[in-house]
Amino acid sequence: MPLSLAEIESLTLKAVANLTPPPISPAVFPHFATRIDQVISSAWKDSTLAGYQDGVDHFLAFCSRNNIHPSLCLPANKFLLCSFAAFESGTCSGGAIANDMSGIRAWHILNTPASSKCPSRPPVTTQMLDLLHVHLDPLNHLDAACLTVSDCALWGQAHLGELLPESQEKFSPKYFPMVHNLRPTSSSDLSCMLSLPWSKTAREKGEDLFLGKQSGMSDPITSLDLHLALNTPDSSSHLFAYRDAKGDLTTLTKRKFLACCNSVWLQHGFPCISGHSFRIGGTTELLLRGVPPHIVKVLGRWSSDAFLRYWRCLEELAPLHAELLGPRMSSISTA
């Protein structure tokens, strides 16, 4: 008796299921897992690991003194690590605390499976900035301020926390740029410099942010000019302050800014964006435009190891710097 169509489909599905290879995992390929562990564990010198073990021991002793259950010590959460560092600050030098934290970080690298690591944050792109310029109103006081921050943050490779406070109460001229912190560059009338009174890397020493004139809608210089003309903050006001419904100057907060941007981007299929995505996007955009990596590094105030982590578009960036290379230079004889 011939099989029915349903029986044929059922048998076919079972056959395909039997042919499906097992997933690639440590359980199926234990020798892969062993090799990974070997490489990770040999990434540090024995002397370095010995020093790092001291940091882990100090941390566990702190947890024990404070009656924290061993199951809650490691992996450690952010609050517990901050508490440990705060308590050490009264008896240890900054260098000693940094060494202890490096040891705890090494423990997490050695003991955290790769699958549990957070995915890379997506960068903001110029396409996304153009969407903001299309859908936000440059004659609206809040929108004009948000457009200015988005353009300055991306093209300046800025940490959003260097430009905007988390809340109105946390604003202070000691940490956030004022109008008087903006100045023209010495070599060009088109671009400008923004003196940050506080930066993530230099802290209270501050750093200079370069804002270069760009073509297209997301030019930070044009946005700054429109924002300052519309919102008219005085020289001692927050650079990105805007006029509220009563006409009073209001400090733009990080939360309000991101809500404004994400309200546009989510409607166009983009994921919810965090503040650091602007810095990542600015770095990637400059590299894609052909700016030499060492110049991008200086403009973005990057440290070498952190800089390389944010090459988000390797398939697009690599050809710009490593395709159709010229012949190697011949060796120069010193004889």
# chains A, B, ... in the order shown; residues from 1 in each chain; ligands from 1
>>> residues_around(residues="Gly206 in chain A", least_positions_apart="4", cutoff="12 Å", atoms="only C-alpha atoms", output="list in words")
Glu162, Leu163, Pro173, Lys174, Tyr175, Phe176, Pro177, Asn181, Leu194, Ser195, Leu196, Pro197, Trp198, Ser199, Lys200, Thr201, Ala202 and Arg301 of chain A
>>> closest_residue(among="A:Gly247, A:Pro184, A:Gly94, A:Gly282", to="Gln157 in chain A", atoms="only C-alpha atoms")
A:Gly282
>>> residues_around(residues="range 249-257 of chain A", least_positions_apart="6", cutoff="9 Å", atoms="only C-alpha atoms", output="PDB file with all heavy atoms, in the first residue's frame")
ATOM      1  N   LEU A 142      13.722  72.334  21.954  1.00  0.00           N
ATOM      2  CA  LEU A 142      14.293  71.059  22.420  1.00  0.00           C
ATOM      3  C   LEU A 142      14.913  70.287  21.265  1.00  0.00           C
ATOM      4  O   LEU A 142      16.022  69.750  21.382  1.00  0.00           O
ATOM      5  CB  LEU A 142      13.208  70.219  23.097  1.00  0.00           C
ATOM      6  CG  LEU A 142      13.607  68.788  23.482  1.00  0.00           C
ATOM      7  CD1 LEU A 142      14.781  68.784  24.448  1.00  0.00           C
ATOM      8  CD2 LEU A 142      12.415  68.036  24.078  1.00  0.00           C
ATOM      9  N   ASP A 143      14.213  70.206  20.149  1.00  0.00           N
ATOM     10  CA  ASP A 143      14.723  69.455  18.999  1.00  0.00           C
ATOM     11  C   ASP A 143      16.047  70.030  18.511  1.00  0.00           C
ATOM     12  O   ASP A 143      16.970  69.280  18.153  1.00  0.00           O
ATOM     13  CB  ASP A 143      13.700  69.468  17.859  1.00  0.00           C
ATOM     14  CG  ASP A 143      12.505  68.569  18.138  1.00  0.00           C
ATOM     15  OD1 ASP A 143      12.482  67.954  19.220  1.00  0.00           O
ATOM     16  OD2 ASP A 143      11.606  68.483  17.282  1.00  0.00           O
ATOM     17  N   ALA A 145      18.315  71.585  20.228  1.00  0.00           N
ATOM     18  CA  ALA A 145      19.377  71.204  21.159  1.00  0.00           C
ATOM     19  C   ALA A 145      19.765  69.741  20.973  1.00  0.00           C
ATOM     20  O   ALA A 145      20.956  69.391  20.992  1.00  0.00           O
ATOM     21  CB  ALA A 145      18.912  71.453  22.597  1.00  0.00           C
ATOM     22  N   CYS A 146      18.765  68.875  20.769  1.00  0.00           N
ATOM     23  CA  CYS A 146      19.053  67.444  20.582  1.00  0.00           C
ATOM     24  C   CYS A 146      19.820  67.196  19.290  1.00  0.00           C
ATOM     25  O   CYS A 146      20.737  66.370  19.264  1.00  0.00           O
ATOM     26  CB  CYS A 146      17.745  66.650  20.579  1.00  0.00           C
ATOM     27  SG  CYS A 146      16.953  66.536  22.205  1.00  0.00           S
ATOM     28  N   VAL A 149      23.485  68.142  19.953  1.00  0.00           N
ATOM     29  CA  VAL A 149      24.210  67.156  20.763  1.00  0.00           C
ATOM     30  C   VAL A 149      24.530  65.918  19.935  1.00  0.00           C
ATOM     31  O   VAL A 149      25.654  65.390  19.992  1.00  0.00           O
ATOM     32  CB  VAL A 149      23.385  66.758  22.007  1.00  0.00           C
ATOM     33  CG1 VAL A 149      24.059  65.590  22.740  1.00  0.00           C
ATOM     34  CG2 VAL A 149      23.240  67.932  22.945  1.00  0.00           C
ATOM     35  N   SER A 150      23.561  65.438  19.142  1.00  0.00           N
ATOM     36  CA  SER A 150      23.800  64.225  18.353  1.00  0.00           C
ATOM     37  C   SER A 150      24.936  64.432  17.363  1.00  0.00           C
ATOM     38  O   SER A 150      25.806  63.565  17.206  1.00  0.00           O
ATOM     39  CB  SER A 150      22.514  63.805  17.622  1.00  0.00           C
ATOM     40  OG  SER A 150      22.118  64.779  16.681  1.00  0.00           O
ATOM     41  N   LEU A 160      28.813  60.644  25.864  1.00  0.00           N
ATOM     42  CA  LEU A 160      27.633  61.470  26.095  1.00  0.00           C
ATOM     43  C   LEU A 160      27.645  62.059  27.499  1.00  0.00           C
ATOM     44  O   LEU A 160      27.170  63.183  27.724  1.00  0.00           O
ATOM     45  CB  LEU A 160      26.365  60.640  25.871  1.00  0.00           C
ATOM     46  CG  LEU A 160      25.093  61.421  25.519  1.00  0.00           C
ATOM     47  CD1 LEU A 160      25.318  62.326  24.330  1.00  0.00           C
ATOM     48  CD2 LEU A 160      23.946  60.462  25.243  1.00  0.00           C
ATOM     49  N   GLY A 161      28.210  61.318  28.453  1.00  0.00           N
ATOM     50  CA  GLY A 161      28.297  61.805  29.822  1.00  0.00           C
ATOM     51  C   GLY A 161      29.259  62.967  29.995  1.00  0.00           C
ATOM     52  O   GLY A 161      29.293  63.590  31.065  1.00  0.00           O
ATOM     53  N   LEU A 163      29.032  65.518  27.918  1.00  0.00           N
ATOM     54  CA  LEU A 163      28.265  66.644  27.385  1.00  0.00           C
ATOM     55  C   LEU A 163      26.999  66.927  28.170  1.00  0.00           C
ATOM     56  O   LEU A 163      26.600  68.096  28.313  1.00  0.00           O
ATOM     57  CB  LEU A 163      27.890  66.374  25.917  1.00  0.00           C
ATOM     58  CG  LEU A 163      29.031  66.026  24.955  1.00  0.00           C
ATOM     59  CD1 LEU A 163      28.471  65.778  23.555  1.00  0.00           C
ATOM     60  CD2 LEU A 163      30.076  67.133  24.928  1.00  0.00           C
ATOM     61  N   LEU A 164      26.350  65.859  28.671  1.00  0.00           N
ATOM     62  CA  LEU A 164      25.037  66.005  29.296  1.00  0.00           C
ATOM     63  C   LEU A 164      25.012  65.340  30.676  1.00  0.00           C
ATOM     64  O   LEU A 164      25.556  64.254  30.839  1.00  0.00           O
ATOM     65  CB  LEU A 164      23.951  65.360  28.427  1.00  0.00           C
ATOM     66  CG  LEU A 164      23.811  65.845  26.981  1.00  0.00           C
ATOM     67  CD1 LEU A 164      22.751  65.018  26.265  1.00  0.00           C
ATOM     68  CD2 LEU A 164      23.472  67.329  26.938  1.00  0.00           C
ATOM     69  N   PRO A 165      24.331  65.959  31.645  1.00  0.00           N
ATOM     70  CA  PRO A 165      24.175  65.318  32.958  1.00  0.00           C
ATOM     71  C   PRO A 165      23.042  64.293  32.930  1.00  0.00           C
ATOM     72  O   PRO A 165      22.178  64.323  32.052  1.00  0.00           O
ATOM     73  CB  PRO A 165      23.816  66.495  33.870  1.00  0.00           C
ATOM     74  CG  PRO A 165      23.082  67.442  32.963  1.00  0.00           C
ATOM     75  CD  PRO A 165      23.752  67.314  31.613  1.00  0.00           C
ATOM     76  N   GLU A 166      23.052  63.392  33.901  1.00  0.00           N
ATOM     77  CA  GLU A 166      21.981  62.406  34.012  1.00  0.00           C
ATOM     78  C   GLU A 166      20.662  63.073  34.402  1.00  0.00           C
ATOM     79  O   GLU A 166      19.593  62.621  33.997  1.00  0.00           O
ATOM     80  CB  GLU A 166      22.352  61.345  35.050  1.00  0.00           C
ATOM     81  CG  GLU A 166      23.491  60.426  34.631  1.00  0.00           C
ATOM     82  CD  GLU A 166      23.081  59.431  33.561  1.00  0.00           C
ATOM     83  OE1 GLU A 166      21.866  59.283  33.310  1.00  0.00           O
ATOM     84  OE2 GLU A 166      23.980  58.798  32.976  1.00  0.00           O
ATOM     85  N   SER A 167      20.745  64.126  35.196  1.00  0.00           N
ATOM     86  CA  SER A 167      19.539  64.823  35.642  1.00  0.00           C
ATOM     87  C   SER A 167      19.850  66.303  35.816  1.00  0.00           C
ATOM     88  O   SER A 167      21.022  66.710  35.820  1.00  0.00           O
ATOM     89  CB  SER A 167      19.043  64.234  36.972  1.00  0.00           C
ATOM     90  OG  SER A 167      19.998  64.455  37.994  1.00  0.00           O
ATOM     91  N   GLN A 168      18.804  67.113  35.974  1.00  0.00           N
ATOM     92  CA  GLN A 168      18.986  68.549  36.183  1.00  0.00           C
ATOM     93  C   GLN A 168      19.824  68.812  37.428  1.00  0.00           C
ATOM     94  O   GLN A 168      20.692  69.694  37.435  1.00  0.00           O
ATOM     95  CB  GLN A 168      17.607  69.211  36.349  1.00  0.00           C
ATOM     96  CG  GLN A 168      16.669  69.066  35.162  1.00  0.00           C
ATOM     97  CD  GLN A 168      16.930  70.120  34.101  1.00  0.00           C
ATOM     98  OE1 GLN A 168      17.618  71.106  34.358  1.00  0.00           O
ATOM     99  NE2 GLN A 168      16.388  69.911  32.923  1.00  0.00           N
ATOM    100  N   PHE A 171      23.736  68.669  37.147  1.00  0.00           N
ATOM    101  CA  PHE A 171      24.489  69.586  36.280  1.00  0.00           C
ATOM    102  C   PHE A 171      25.390  70.486  37.121  1.00  0.00           C
ATOM    103  O   PHE A 171      24.994  71.009  38.162  1.00  0.00           O
ATOM    104  CB  PHE A 171      23.552  70.454  35.458  1.00  0.00           C
ATOM    105  CG  PHE A 171      24.284  71.535  34.715  1.00  0.00           C
ATOM    106  CD1 PHE A 171      25.021  71.226  33.577  1.00  0.00           C
ATOM    107  CD2 PHE A 171      24.290  72.842  35.179  1.00  0.00           C
ATOM    108  CE1 PHE A 171      25.733  72.212  32.904  1.00  0.00           C
ATOM    109  CE2 PHE A 171      24.986  73.823  34.518  1.00  0.00           C
ATOM    110  CZ  PHE A 171      25.713  73.511  33.372  1.00  0.00           C
ATOM    111  N   ASN A 231      18.034  79.212  20.860  1.00  0.00           N
ATOM    112  CA  ASN A 231      17.877  79.094  22.307  1.00  0.00           C
ATOM    113  C   ASN A 231      18.573  80.199  23.099  1.00  0.00           C
ATOM    114  O   ASN A 231      18.309  80.364  24.292  1.00  0.00           O
ATOM    115  CB  ASN A 231      18.376  77.723  22.769  1.00  0.00           C
ATOM    116  CG  ASN A 231      17.396  76.610  22.433  1.00  0.00           C
ATOM    117  OD1 ASN A 231      16.243  76.644  22.843  1.00  0.00           O
ATOM    118  ND2 ASN A 231      17.850  75.612  21.658  1.00  0.00           N
ATOM    119  N   THR A 232      19.460  80.920  22.460  1.00  0.00           N
ATOM    120  CA  THR A 232      20.160  82.082  23.026  1.00  0.00           C
ATOM    121  C   THR A 232      20.656  81.890  24.467  1.00  0.00           C
ATOM    122  O   THR A 232      20.358  82.707  25.344  1.00  0.00           O
ATOM    123  CB  THR A 232      19.270  83.342  22.963  1.00  0.00           C
ATOM    124  OG1 THR A 232      18.081  83.119  23.741  1.00  0.00           O
ATOM    125  CG2 THR A 232      18.915  83.689  21.531  1.00  0.00           C
ATOM    126  N   PRO A 233      21.405  80.830  24.734  1.00  0.00           N
ATOM    127  CA  PRO A 233      21.996  80.710  26.070  1.00  0.00           C
ATOM    128  C   PRO A 233      23.121  81.726  26.223  1.00  0.00           C
ATOM    129  O   PRO A 233      23.821  82.041  25.259  1.00  0.00           O
ATOM    130  CB  PRO A 233      22.534  79.282  26.081  1.00  0.00           C
ATOM    131  CG  PRO A 233      22.832  78.985  24.649  1.00  0.00           C
ATOM    132  CD  PRO A 233      21.790  79.725  23.845  1.00  0.00           C
ATOM    133  N   SER A 237      25.964  79.722  30.520  1.00  0.00           N
ATOM    134  CA  SER A 237      24.936  78.686  30.538  1.00  0.00           C
ATOM    135  C   SER A 237      25.491  77.384  29.958  1.00  0.00           C
ATOM    136  O   SER A 237      26.491  77.383  29.228  1.00  0.00           O
ATOM    137  CB  SER A 237      23.712  79.118  29.731  1.00  0.00           C
ATOM    138  OG  SER A 237      23.125  80.270  30.273  1.00  0.00           O
ATOM    139  N   HIS A 238      24.821  76.294  30.280  1.00  0.00           N
ATOM    140  CA  HIS A 238      25.148  75.006  29.678  1.00  0.00           C
ATOM    141  C   HIS A 238      25.065  75.141  28.163  1.00  0.00           C
ATOM    142  O   HIS A 238      24.110  75.702  27.625  1.00  0.00           O
ATOM    143  CB  HIS A 238      24.157  73.943  30.177  1.00  0.00           C
ATOM    144  CG  HIS A 238      24.401  72.581  29.630  1.00  0.00           C
ATOM    145  ND1 HIS A 238      23.378  71.719  29.298  1.00  0.00           N
ATOM    146  CD2 HIS A 238      25.559  71.906  29.356  1.00  0.00           C
ATOM    147  CE1 HIS A 238      23.879  70.588  28.846  1.00  0.00           C
ATOM    148  NE2 HIS A 238      25.200  70.675  28.872  1.00  0.00           N
ATOM    149  N   LEU A 239      26.065  74.643  27.470  1.00  0.00           N
ATOM    150  CA  LEU A 239      26.133  74.802  26.020  1.00  0.00           C
ATOM    151  C   LEU A 239      24.897  74.262  25.321  1.00  0.00           C
ATOM    152  O   LEU A 239      24.454  74.803  24.303  1.00  0.00           O
ATOM    153  CB  LEU A 239      27.389  74.097  25.485  1.00  0.00           C
ATOM    154  CG  LEU A 239      27.592  74.111  23.970  1.00  0.00           C
ATOM    155  CD1 LEU A 239      27.688  75.545  23.438  1.00  0.00           C
ATOM    156  CD2 LEU A 239      28.840  73.324  23.592  1.00  0.00           C
ATOM    157  N   PHE A 240      24.303  73.193  25.865  1.00  0.00           N
ATOM    158  CA  PHE A 240      23.175  72.551  25.197  1.00  0.00           C
ATOM    159  C   PHE A 240      21.837  72.828  25.891  1.00  0.00           C
ATOM    160  O   PHE A 240      20.873  72.086  25.719  1.00  0.00           O
ATOM    161  CB  PHE A 240      23.436  71.047  25.111  1.00  0.00           C
ATOM    162  CG  PHE A 240      24.730  70.716  24.427  1.00  0.00           C
ATOM    163  CD1 PHE A 240      25.815  70.225  25.147  1.00  0.00           C
ATOM    164  CD2 PHE A 240      24.887  70.919  23.062  1.00  0.00           C
ATOM    165  CE1 PHE A 240      27.019  69.931  24.517  1.00  0.00           C
ATOM    166  CE2 PHE A 240      26.086  70.648  22.427  1.00  0.00           C
ATOM    167  CZ  PHE A 240      27.157  70.145  23.151  1.00  0.00           C
ATOM    168  N   ALA A 241      21.770  73.923  26.659  1.00  0.00           N
ATOM    169  CA  ALA A 241      20.514  74.305  27.297  1.00  0.00           C
ATOM    170  C   ALA A 241      19.515  74.770  26.234  1.00  0.00           C
ATOM    171  O   ALA A 241      19.888  75.300  25.188  1.00  0.00           O
ATOM    172  CB  ALA A 241      20.764  75.414  28.311  1.00  0.00           C
ATOM    173  N   TYR A 242      18.240  74.564  26.524  1.00  0.00           N
ATOM    174  CA  TYR A 242      17.184  74.953  25.579  1.00  0.00           C
ATOM    175  C   TYR A 242      16.084  75.698  26.329  1.00  0.00           C
ATOM    176  O   TYR A 242      15.981  75.624  27.560  1.00  0.00           O
ATOM    177  CB  TYR A 242      16.601  73.729  24.886  1.00  0.00           C
ATOM    178  CG  TYR A 242      15.867  72.781  25.813  1.00  0.00           C
ATOM    179  CD1 TYR A 242      14.488  72.834  25.952  1.00  0.00           C
ATOM    180  CD2 TYR A 242      16.570  71.833  26.569  1.00  0.00           C
ATOM    181  CE1 TYR A 242      13.823  71.972  26.817  1.00  0.00           C
ATOM    182  CE2 TYR A 242      15.919  70.967  27.435  1.00  0.00           C
ATOM    183  CZ  TYR A 242      14.540  71.044  27.554  1.00  0.00           C
ATOM    184  OH  TYR A 242      13.878  70.200  28.417  1.00  0.00           O
ATOM    185  N   ARG A 243      15.252  76.428  25.590  1.00  0.00           N
ATOM    186  CA  ARG A 243      14.147  77.178  26.173  1.00  0.00           C
ATOM    187  C   ARG A 243      12.936  76.273  26.344  1.00  0.00           C
ATOM    188  O   ARG A 243      12.522  75.598  25.399  1.00  0.00           O
ATOM    189  CB  ARG A 243      13.771  78.359  25.282  1.00  0.00           C
ATOM    190  CG  ARG A 243      14.898  79.367  25.061  1.00  0.00           C
ATOM    191  CD  ARG A 243      15.071  80.273  26.246  1.00  0.00           C
ATOM    192  NE  ARG A 243      16.269  81.117  26.091  1.00  0.00           N
ATOM    193  CZ  ARG A 243      16.678  81.997  27.011  1.00  0.00           C
ATOM    194  NH1 ARG A 243      15.989  82.152  28.120  1.00  0.00           N
ATOM    195  NH2 ARG A 243      17.766  82.703  26.816  1.00  0.00           N
ATOM    196  N   GLY A 275      24.163  55.913  25.211  1.00  0.00           N
ATOM    197  CA  GLY A 275      25.021  57.069  24.988  1.00  0.00           C
ATOM    198  C   GLY A 275      26.355  56.749  24.345  1.00  0.00           C
ATOM    199  O   GLY A 275      26.863  57.516  23.520  1.00  0.00           O
TER     200      GLY A 275
END
>>> atom_distance(atom1="CA of Asp219 in chain A", atom2="CA of Cys152 in chain A")
8.3 Å
>>> decode(residues="range 88-181 of chain A", atoms="C-alpha atoms", output="short mmCIF file (atom, residue, chain, number, x, y, z; two decimals), in the first residue's frame")
data_model
loop_
_atom_site.label_atom_id
_atom_site.label_comp_id
_atom_site.auth_asym_id
_atom_site.auth_seq_id
_atom_site.Cartn_x
_atom_site.Cartn_y
_atom_site.Cartn_z
CA GLU A 88 40.03 50.03 50.35
CA SER A 89 40.42 53.74 49.62
CA GLY A 90 40.89 54.45 53.31
CA THR A 91 43.88 52.15 53.74
CA CYS A 92 45.38 51.54 50.28
CA SER A 93 46.93 53.71 47.59
CA GLY A 94 45.24 54.25 44.27
CA GLY A 95 47.78 51.98 42.60
CA ALA A 96 47.14 49.16 45.05
CA ILE A 97 43.39 49.41 44.52
CA ALA A 98 43.90 49.38 40.75
CA ASN A 99 46.04 46.23 41.04
CA ASP A 100 43.40 44.50 43.14
CA MET A 101 40.68 45.40 40.63
CA SER A 102 42.87 44.10 37.79
CA GLY A 103 43.18 40.81 39.63
CA ILE A 104 39.41 40.54 40.02
CA ARG A 105 38.98 41.39 36.34
CA ALA A 106 41.42 38.61 35.39
CA TRP A 107 39.40 36.17 37.51
CA HIS A 108 36.26 37.04 35.57
CA ILE A 109 38.05 36.63 32.22
CA LEU A 110 39.31 33.21 33.24
CA ASN A 111 35.99 32.06 34.66
CA THR A 112 33.33 33.69 32.47
CA PRO A 113 32.20 31.71 29.40
CA ALA A 114 32.28 33.63 26.15
CA SER A 115 28.55 33.03 25.59
CA SER A 116 27.70 35.11 28.66
CA LYS A 117 29.46 38.25 27.47
CA CYS A 118 27.31 41.20 26.48
CA PRO A 119 26.93 41.79 22.72
CA SER A 120 28.73 44.78 21.24
CA ARG A 121 26.75 47.98 21.30
CA PRO A 122 25.69 49.13 17.84
CA PRO A 123 27.16 52.43 16.60
CA VAL A 124 25.13 55.48 15.70
CA THR A 125 25.57 56.18 11.97
CA THR A 126 25.29 59.30 9.85
CA GLN A 127 22.19 57.72 8.31
CA MET A 128 20.63 57.76 11.78
CA LEU A 129 21.66 61.40 12.27
CA ASP A 130 20.05 62.27 8.93
CA LEU A 131 16.81 60.66 10.13
CA LEU A 132 16.87 62.94 13.16
CA HIS A 133 17.31 65.99 10.94
CA VAL A 134 14.38 64.89 8.79
CA HIS A 135 11.96 64.14 11.63
CA LEU A 136 12.93 66.66 14.31
CA ASP A 137 12.06 70.35 13.95
CA PRO A 138 15.13 72.63 13.96
CA LEU A 139 12.86 75.52 14.98
CA ASN A 140 11.70 73.65 18.08
CA HIS A 141 13.87 74.59 21.04
CA LEU A 142 14.29 71.06 22.42
CA ASP A 143 14.72 69.45 19.00
CA ALA A 144 17.40 71.99 18.01
CA ALA A 145 19.38 71.20 21.16
CA CYS A 146 19.05 67.44 20.58
CA LEU A 147 20.20 67.75 16.97
CA THR A 148 23.25 69.71 18.12
CA VAL A 149 24.21 67.16 20.76
CA SER A 150 23.80 64.22 18.35
CA ASP A 151 26.02 65.85 15.72
CA CYS A 152 28.67 66.99 18.22
CA ALA A 153 28.75 63.66 20.05
CA LEU A 154 29.26 61.60 16.89
CA TRP A 155 31.69 63.82 14.97
CA GLY A 156 33.55 64.71 18.18
CA GLN A 157 33.76 61.04 19.30
CA ALA A 158 32.45 62.20 22.66
CA HIS A 159 31.20 60.27 25.64
CA LEU A 160 27.63 61.47 26.09
CA GLY A 161 28.30 61.81 29.82
CA GLU A 162 30.92 64.45 29.01
CA LEU A 163 28.27 66.64 27.38
CA LEU A 164 25.04 66.00 29.30
CA PRO A 165 24.17 65.32 32.96
CA GLU A 166 21.98 62.41 34.01
CA SER A 167 19.54 64.82 35.64
CA GLN A 168 18.99 68.55 36.18
CA GLU A 169 20.28 68.23 39.74
CA LYS A 170 23.58 66.72 38.61
CA PHE A 171 24.49 69.59 36.28
CA SER A 172 27.57 71.57 37.27
CA PRO A 173 29.92 73.85 35.30
CA LYS A 174 32.75 71.79 36.84
CA TYR A 175 31.74 68.79 34.75
CA PHE A 176 29.80 69.94 31.69
CA PRO A 177 30.64 72.44 28.91
CA MET A 178 29.33 75.98 28.95
CA VAL A 179 28.89 78.31 26.00
CA HIS A 180 32.19 80.05 26.82
CA ASN A 181 34.03 76.72 26.47
#
